[in-house]
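Visitor: Sending over start-v8.tsv (TSV, C-alpha atoms).
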chain	number	residue	atom	x	y	z
A	1	MET	CA	134.70	205.46	77.91
A	2	LEU	CA	133.66	202.98	75.22
A	3	GLN	CA	135.38	199.64	75.06
A	4	LYS	CA	136.77	198.42	71.77
A	5	GLN	CA	134.11	196.36	70.03
A	6	ALA	CA	134.60	192.87	68.72
A	7	LYS	CA	134.93	192.77	64.96
A	8	ALA	CA	132.02	191.45	62.92
A	9	LEU	CA	132.82	188.42	60.79
A	10	THR	CA	132.85	188.54	57.01
A	11	PRO	CA	131.03	185.86	54.99
A	12	ALA	CA	134.44	184.37	54.12
A	13	GLN	CA	135.41	184.24	57.81
A	14	ILE	CA	132.13	182.50	58.65
A	15	ARG	CA	132.77	179.85	55.98
A	16	THR	CA	136.39	179.46	57.13
A	17	THR	CA	135.32	179.04	60.76
A	18	LEU	CA	132.73	176.41	59.86
A	19	ARG	CA	135.33	174.45	57.87
A	20	PHE	CA	137.78	174.73	60.76
A	21	ILE	CA	135.19	173.61	63.33
A	22	ALA	CA	134.29	170.57	61.20
A	23	ASP	CA	137.77	169.18	61.99
A	24	THR	CA	137.62	169.82	65.74
A	25	ARG	CA	136.88	167.35	68.49
A	26	PHE	CA	133.14	167.58	69.29
A	27	ALA	CA	132.53	169.12	65.84
A	28	ASP	CA	128.72	168.88	66.02
A	29	ARG	CA	128.56	170.66	69.38
A	30	ASN	CA	131.08	173.28	68.25
A	31	LYS	CA	129.17	173.96	65.03
A	32	LEU	CA	125.99	174.54	67.05
A	33	ILE	CA	127.82	176.91	69.41
A	34	PHE	CA	129.12	178.93	66.45
A	35	LEU	CA	125.74	179.02	64.69
A	36	LEU	CA	123.94	180.12	67.86
A	37	SER	CA	126.32	183.07	67.97
A	38	VAL	CA	126.38	184.09	64.31
A	39	LYS	CA	122.84	183.08	63.22
A	40	ALA	CA	120.86	183.85	66.40
A	41	GLY	CA	123.04	186.50	68.04
A	42	LEU	CA	123.26	184.68	71.36
A	43	ARG	CA	125.79	185.76	73.96
A	44	ALA	CA	128.24	183.27	75.53
A	45	LYS	CA	126.10	183.08	78.70
A	46	GLU	CA	122.98	182.40	76.64
A	47	ILE	CA	124.67	179.65	74.61
A	48	ALA	CA	125.94	178.01	77.80
A	49	GLN	CA	122.55	178.15	79.52
A	50	LEU	CA	120.35	177.15	76.58
A	51	LYS	CA	118.07	174.23	77.52
A	52	TRP	CA	116.15	171.81	75.33
A	53	SER	CA	112.88	173.26	76.65
A	54	MET	CA	113.82	176.55	74.95
A	55	VAL	CA	114.14	175.02	71.47
A	56	LEU	CA	111.54	172.22	71.36
A	57	ASP	CA	107.82	172.56	70.69
A	58	ALA	CA	105.05	170.84	72.68
A	59	ASP	CA	105.48	167.66	70.62
A	60	GLY	CA	109.22	167.47	71.30
A	61	ALA	CA	110.19	168.54	67.76
A	62	ILE	CA	112.69	171.31	67.02
A	63	SER	CA	110.76	174.58	67.12
A	64	ASP	CA	110.94	177.54	64.75
A	65	LEU	CA	111.85	179.77	67.71
A	66	ILE	CA	114.43	179.94	70.44
A	67	ARG	CA	112.47	180.90	73.55
A	68	LEU	CA	115.25	182.35	75.66
A	69	THR	CA	114.26	182.80	79.30
A	70	ASP	CA	115.29	185.88	81.27
A	71	SER	CA	117.29	183.68	83.65
A	72	ALA	CA	119.40	182.39	80.74
A	73	SER	CA	120.00	185.84	79.28
A	74	LYS	CA	121.76	189.05	80.21
A	75	GLY	CA	119.61	191.00	82.63
A	76	ASN	CA	116.00	190.47	81.62
A	77	SER	CA	116.66	190.30	77.89
A	78	GLY	CA	115.03	186.96	77.20
A	79	GLY	CA	112.64	186.62	74.32
A	80	ALA	CA	111.73	184.68	71.21
A	81	ILE	CA	114.28	184.56	68.40
A	82	PRO	CA	113.35	183.06	65.02
A	83	MET	CA	115.53	180.01	64.44
A	84	ALA	CA	117.64	179.79	61.28
A	85	ARG	CA	117.43	176.53	59.32
A	86	ASP	CA	121.15	175.90	59.98
A	87	ILE	CA	120.52	176.00	63.72
A	88	ARG	CA	117.49	173.69	63.46
A	89	ASP	CA	119.60	171.21	61.49
A	90	ALA	CA	122.46	171.37	64.01
A	91	LEU	CA	120.02	170.90	66.91
A	92	SER	CA	118.52	167.88	65.15
A	93	VAL	CA	121.97	166.32	64.93
A	94	MET	CA	122.56	166.96	68.63
A	95	LYS	CA	119.14	165.53	69.54
A	96	GLU	CA	119.79	162.38	67.49
A	97	GLN	CA	123.00	161.83	69.48
A	98	ASP	CA	121.02	161.89	72.74
A	99	PRO	CA	117.33	161.17	71.96
A	100	GLN	CA	116.36	160.76	75.65
A	101	THR	CA	117.35	164.31	76.52
A	102	ASP	CA	115.53	165.85	79.47
A	103	LEU	CA	113.80	169.16	78.69
A	104	ASP	CA	115.55	170.84	81.63
A	105	SER	CA	119.02	169.73	80.57
A	106	ARG	CA	121.48	172.06	78.92
A	107	ILE	CA	122.14	171.57	75.22
A	108	ILE	CA	125.81	172.51	75.30
A	109	ARG	CA	127.85	170.19	77.49
A	110	THR	CA	131.46	169.31	77.95
A	111	GLN	CA	132.98	165.88	78.27
A	112	ARG	CA	133.26	166.38	82.03
A	113	SER	CA	130.08	168.27	82.84
A	114	LEU	CA	126.38	168.40	82.02
A	115	GLU	CA	126.50	172.19	82.44
A	116	THR	CA	128.81	174.45	80.50
A	117	ASP	CA	130.21	177.60	82.06
A	118	PRO	CA	129.94	180.76	79.91
A	119	GLN	CA	133.71	181.23	80.26
A	120	PHE	CA	134.17	177.91	78.45
A	121	ILE	CA	132.27	179.37	75.47
A	122	VAL	CA	134.31	182.59	75.60
A	123	ASN	CA	137.57	180.58	75.69
A	124	LEU	CA	136.44	178.34	72.84
A	125	PHE	CA	135.80	181.32	70.55
A	126	PHE	CA	139.08	182.93	71.62
A	127	ASP	CA	140.99	179.77	70.74
A	128	TRP	CA	139.25	179.31	67.36
A	129	TYR	CA	139.82	182.90	66.26
A	130	ARG	CA	143.42	182.88	67.51
A	131	GLN	CA	144.17	179.73	65.51
A	132	LEU	CA	142.47	181.22	62.44
A	133	GLY	CA	144.33	184.53	62.82
A	134	PHE	CA	141.12	186.60	63.09
A	135	LEU	CA	142.46	189.62	64.98
A	136	GLY	CA	139.91	191.60	66.96
A	137	CYS	CA	137.36	188.76	66.99
A	138	SER	CA	135.90	187.37	70.20
A	139	SER	CA	132.89	185.49	71.50
A	140	HIS	CA	130.87	188.65	70.81
A	141	SER	CA	131.83	188.75	67.10
A	142	GLY	CA	129.01	186.38	66.16
A	143	ARG	CA	126.43	188.54	67.93
A	144	ARG	CA	127.77	191.67	66.25
A	145	THR	CA	127.72	189.86	62.88
A	146	PHE	CA	124.12	188.74	63.43
A	147	ILE	CA	122.92	192.24	64.31
A	148	THR	CA	124.85	193.87	61.44
A	149	ASN	CA	123.49	191.36	58.91
A	150	ALA	CA	119.96	191.77	60.24
A	151	ALA	CA	120.22	195.56	59.90
A	152	ARG	CA	121.51	195.27	56.32
A	153	ASN	CA	118.78	192.85	55.25
A	154	ILE	CA	115.69	193.79	57.28
A	155	GLY	CA	114.48	196.32	54.70
A	156	LEU	CA	114.28	193.59	52.06
A	157	PHE	CA	111.51	191.99	54.11
A	158	GLY	CA	109.61	195.16	55.01
A	159	GLY	CA	111.16	195.48	58.45
A	160	SER	CA	112.90	198.35	60.21
A	161	ILE	CA	115.74	198.96	62.64
A	162	ARG	CA	113.17	198.50	65.46
A	163	ASP	CA	112.77	194.87	64.33
A	164	VAL	CA	116.54	194.48	64.56
A	165	GLN	CA	116.41	195.92	68.08
A	166	GLU	CA	113.83	193.29	68.98
A	167	LEU	CA	115.98	190.50	67.49
A	168	ALA	CA	118.96	191.79	69.46
A	169	ARG	CA	116.82	192.01	72.61
A	170	HIS	CA	118.19	195.46	73.43
A	171	ARG	CA	116.19	197.89	75.52
A	172	SER	CA	117.47	200.89	73.60
A	173	LEU	CA	117.75	201.48	69.89
A	174	ALA	CA	121.01	203.32	70.52
A	175	MET	CA	122.59	200.12	71.84
A	176	THR	CA	121.49	198.20	68.75
A	177	GLN	CA	122.95	200.90	66.51
A	178	ARG	CA	126.32	200.59	68.28
A	179	TYR	CA	126.50	196.94	67.20
A	180	ILE	CA	125.92	197.63	63.51
A	181	GLU	CA	129.14	197.77	61.56
A	182	VAL	CA	129.49	200.61	59.07
A	183	ASP	CA	129.99	199.60	55.42
A	184	SER	CA	131.73	202.40	53.51
A	185	ASN	CA	131.33	200.48	50.24
A	186	ALA	CA	127.55	200.34	50.72
A	187	MET	CA	127.49	204.06	51.56
A	188	ARG	CA	129.28	204.85	48.30
A	189	LYS	CA	126.80	202.74	46.30
A	190	VAL	CA	123.81	204.47	47.92
A	191	VAL	CA	125.24	207.92	47.16
A	192	ASP	CA	126.03	206.94	43.57
A	193	ALA	CA	122.54	205.50	43.05
Would you mind writing the structure in this file as structure tokens?

Guide:
Amino acid sequence: MLQKQAKALTPAQIRTTLRFIADTRFADRNKLIFLLSVKAGLRAKEIAQLKWSMVLDADGAISDLIRLTDSASKGNSGGAIPMARDIRDALSVMKEQDPQTDLDSRIIRTQRSLETDPQFIVNLFFDWYRQLGFLGCSSHSGRRTFITNAARNIGLFGGSIRDVQELARHRSLAMTQRYIEVDSNAMRKVVDA
């Protein structure tokens, strides 16, 4: 039996969430958490376990890739994920706030702990979406949005659904396809073209 999937976010919902987060306590950290979900497709566990060593290059500068280790991911689904400019900018802000950061330290922290539990990330998303009235959205909505957007845009850059599978770090193409939200409006346009 298939579980009900988290809803993908619309562009308007992404903008609304970013505006909402800007007024929260720990706004910079929260913005990074949201962007890691919606712009890199990271799961709650992966966001919680992301370390500076996974996002910095050999010179200590913000890299162009997130090098997610298997131990920080679901199963053995680690890998390299191209980093969106928004994420690089948010990481730069976080690094400026703590320039002496140890490579082995976690990026996402709470006021009380240097390590964030994945459930904290899940609860944070739940609370944001509840306050915003986004029914059916959860911590997995950003990942679903990322995969759907990648599938819709990959052809513009000469890529295929297999590239989306690699970005999603899924073992099977069928799993990636389950994440992609159907767009009936786009289907109508293709048929009419």

Visitor: Need the shell around Ser138 (chain A): protein/DNA/RNA residues with any atom at most 9 Å away, counting all atoms listed in the file. Skip same-chain ones fewer than 3 positions apart. Format as number ranges by chain?

Guide: A: 6-7, 122-123, 125-126, 129, 134-135, 141-142

Visitor: What is the CA of Ala80 (chain A) to CA of Trp128 (chain A) distance in Å?

Guide: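 Going from CA of Ala80 (chain A) over to CA of Trp128 (chain A) covers 28.3 Å.
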
Visitor: When you count all atoms listed in the file, which of these residues is closest to Ser105 (chain A): A:Met54, A:Leu173, A:Ala90, A:Ala84?

Guide: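 With all atoms listed in the file as the atom set, the closest residue is A:Met54.
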
Visitor: Around region 171-185 of chain A, fit a box with edges along x, y and z, padding it by 6 Å on each side, then list its centre and edge lengths in Å to one decimal as lines of an AutoDock Vina configuration file.

Guide:
center_x = 124.0
center_y = 200.1
center_z = 62.9
size_x = 27.5
size_y = 18.4
size_z = 37.3

Visitor: One decimal, Å: what's the distance from CA of Arg43 (chain A) over to CA of Gly158 (chain A), could you say?

Guide: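 Separating CA of Arg43 (chain A) from CA of Gly158 (chain A) is a distance of 26.6 Å.
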
Visitor: Would you pick out the contacts of Asp28 (chain A) at 8 Å or less, using only C-alpha atoms, so that residues sharing its chain but fewer than 6 positions from it are not included, and give the list as a CSV table (one decimal) with C-alpha atoms, keeping the file's coordinate frame?

Guide:
chain,number,residue,atom,x,y,z
A,22,ALA,CA,134.3,170.6,61.2
A,90,ALA,CA,122.5,171.4,64.0
A,93,VAL,CA,122.0,166.3,64.9
A,94,MET,CA,122.6,167.0,68.6

Visitor: Could you state the separation of CA of Thr145 (chain A) and CA of Arg109 (chain A) in Å, given to one decimal place?

Guide: 24.5 Å

Visitor: Of the residues A:Leu36, A:Leu56, A:Leu68, A:Ile81, which is the one nearest to Ile121 (chain A), using all atoms listed in the file?

Guide: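 Smallest distance to Ile121 (chain A) is found for A:Leu36.
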
Visitor: So, counting only C-alpha atoms, which residue among A:Val38, A:Val55, A:Ala48, A:Ile21 is closest to His140 (chain A)?

Guide: A:Val38

Visitor: Taking into account all atoms listed in the file, which residue in the set A:Ala8, A:Asp57, A:Asp102, A:Pro118 is nearest to Lys45 (chain A)?

Guide: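 Ranked by minimum distance to Lys45 (chain A), first place goes to A:Pro118.
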
Visitor: Which of these residues is nearest to Ala151 (chain A), using all atoms listed in the file: A:Arg171, A:Ala58, A:Leu132, A:Thr176?

Guide: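 Ranking A:Arg171, A:Ala58, A:Leu132, A:Thr176 by distance to Ala151 (chain A), first place goes to A:Thr176.
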
Visitor: For Asn149 (chain A), which residue out of A:Ile108, A:Leu167, A:Ile180, A:Ile62 is the nearest one, using all atoms listed in the file?

Guide: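 Of A:Ile108, A:Leu167, A:Ile180, A:Ile62, the one nearest Asn149 (chain A) is A:Ile180, counting all atoms listed in the file.
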
Visitor: Show me as a ChimeraX atom specification the residues that reach within 12 Å of (116.2, 174.8, 81.4), counting all atoms listed in the file and using the file's own coordinates.

Guide: /A:46-56,67-73,101-108,115

Visitor: Scan for residues within 8 Å of the point (114.0, 189.9, 71.5) in the coordinates of the file, using only C-alpha atoms, and reply as a ChimeraX atom specification.

Guide: /A:77-81,165-170
